[in-house]
file query_39.tsv (TSV, C-alpha atoms)
chain	number	residue	atom	x	y	z
A	1	MET	CA	-94.25	-54.30	-15.82
A	2	ALA	CA	-90.86	-55.14	-14.41
A	3	THR	CA	-90.53	-54.26	-10.75
A	4	GLU	CA	-87.08	-52.65	-11.03
A	5	GLN	CA	-86.78	-50.21	-13.89
A	6	PRO	CA	-83.38	-48.84	-14.98
A	7	GLN	CA	-84.78	-45.36	-14.28
A	8	ASP	CA	-88.15	-43.66	-14.14
A	9	LEU	CA	-89.52	-44.43	-17.58
A	10	THR	CA	-92.14	-42.34	-19.32
A	11	ALA	CA	-95.36	-43.88	-20.56
A	12	GLU	CA	-94.06	-43.46	-24.13
A	13	GLN	CA	-90.79	-45.27	-23.35
A	14	LEU	CA	-92.67	-48.12	-21.68
A	15	GLU	CA	-95.03	-48.35	-24.63
A	16	ILE	CA	-92.10	-48.66	-27.05
A	17	LEU	CA	-90.33	-51.23	-24.86
A	18	GLU	CA	-93.48	-53.31	-24.26
A	19	TYR	CA	-94.41	-53.22	-27.95
A	20	ASN	CA	-90.98	-54.47	-28.96
A	21	PHE	CA	-91.01	-57.14	-26.24
A	22	SER	CA	-94.51	-58.40	-27.03
A	23	LYS	CA	-94.77	-57.98	-30.80
A	24	VAL	CA	-91.22	-57.94	-32.16
A	25	ASN	CA	-88.71	-59.97	-30.15
A	26	LYS	CA	-88.18	-60.93	-26.52
A	27	HIS	CA	-84.46	-61.38	-27.33
A	28	PRO	CA	-83.45	-58.40	-29.52
A	29	ASP	CA	-80.16	-58.67	-31.37
A	30	PRO	CA	-77.56	-55.92	-30.81
A	31	THR	CA	-78.70	-53.90	-33.83
A	32	THR	CA	-82.36	-54.02	-32.79
A	33	LEU	CA	-81.41	-53.21	-29.21
A	34	CYS	CA	-79.49	-50.17	-30.45
A	35	LEU	CA	-82.50	-48.99	-32.46
A	36	ILE	CA	-84.87	-49.46	-29.51
A	37	ALA	CA	-82.45	-47.57	-27.25
A	38	ALA	CA	-82.27	-44.70	-29.74
A	39	GLU	CA	-86.07	-44.60	-30.09
A	40	THR	CA	-86.60	-44.51	-26.32
A	41	GLY	CA	-83.68	-42.22	-25.50
A	42	LEU	CA	-82.25	-44.84	-23.12
A	43	SER	CA	-78.73	-46.23	-23.21
A	44	GLU	CA	-78.24	-49.66	-24.75
A	45	GLU	CA	-77.26	-50.92	-21.29
A	46	GLU	CA	-80.50	-49.61	-19.75
A	47	THR	CA	-82.52	-51.09	-22.62
A	48	LEU	CA	-80.83	-54.48	-22.28
A	49	LYS	CA	-81.41	-54.43	-18.51
A	50	TRP	CA	-85.10	-53.67	-19.07
A	51	PHE	CA	-85.44	-56.57	-21.54
A	52	LYS	CA	-83.69	-58.98	-19.15
A	53	GLN	CA	-85.93	-57.96	-16.25
A	54	ARG	CA	-89.05	-58.07	-18.42
A	55	LEU	CA	-88.11	-61.52	-19.74
A	56	ALA	CA	-87.63	-62.83	-16.19
A	57	GLU	CA	-91.05	-61.41	-15.26
A	58	TRP	CA	-92.65	-62.97	-18.34
A	59	ARG	CA	-91.05	-66.35	-17.61
A	60	ARG	CA	-92.38	-66.29	-14.03
A	61	SER	CA	-95.86	-65.43	-15.31
A	62	GLU	CA	-95.64	-68.45	-17.63
A	63	GLY	CA	-94.61	-70.71	-14.73
A	64	LEU	CA	-91.02	-71.03	-15.98
A	65	PRO	CA	-87.81	-70.37	-14.06
A	66	SER	CA	-86.96	-66.68	-14.29
A	67	GLU	CA	-83.53	-67.50	-15.75
A	68	CYS	CA	-83.13	-70.41	-18.10
A	69	GLY	CA	-81.57	-71.14	-21.46
A	70	SER	CA	-83.56	-72.11	-24.50
A	71	VAL	CA	-85.26	-75.47	-24.47
A	72	ARG	CA	-83.42	-77.80	-26.81
A	73	ASP	CA	-84.12	-81.40	-27.77
call {"tool": "encode", "arguments": {"input": "query_39.tsv", "output": "structure tokens"}}
result
Amino acid sequence: MATEQPQDLTAEQLEILEYNFSKVNKHPDPTTLCLIAAETGLSEEETLKWFKQRLAEWRRSEGLPSECGSVRD
């Protein structure tokens, strides 16, 4: 879990966010982000912040820099 959450999230909100991060898309497009925000009851800004923090955490766990662009050849 990300160390700094936008607010105190419920277990249900975290489950929705983690599911979307792990199974759907680590980089949700604006429409998907809007749908996730609506489903969790969070603002789009809070949802985006959670995804950014969670992505940085995931990258660190994979041994990658916490902020980096896509790898391109």
call {"tool": "closest_residue", "arguments": {"input": "query_39.tsv", "among": "A:Ser22, A:Glu57, A:Pro30, A:Asp8", "to": "Glu45 in chain A", "atoms": "all atoms listed in the file"}}
result
A:Pro30
call {"tool": "residues_around", "arguments": {"input": "query_39.tsv", "residues": "Thr47 in chain A", "least_positions_apart": "4", "cutoff": "10 Å", "atoms": "only C-alpha atoms", "output": "MDAnalysis selection string"}}
result
chainID A and resid 5:6 17 33:34 36:38 40:43 51:53
call {"tool": "atom_distance", "arguments": {"input": "query_39.tsv", "atom1": "CA of Phe21 in chain A", "atom2": "CA of Trp58 in chain A"}}
result
10.0 Å
call {"tool": "atom_distance", "arguments": {"input": "query_39.tsv", "atom1": "CA of Ala11 in chain A", "atom2": "CA of Glu62 in chain A"}}
result
24.7 Å
call {"tool": "atom_distance", "arguments": {"input": "query_39.tsv", "atom1": "CA of Thr10 in chain A", "atom2": "CA of Val24 in chain A"}}
result
20.2 Å
call {"tool": "closest_residue", "arguments": {"input": "query_39.tsv", "among": "A:Trp50, A:Glu39, A:Pro65, A:Arg60", "to": "Glu12 in chain A", "atoms": "all atoms listed in the file"}}
result
A:Glu39
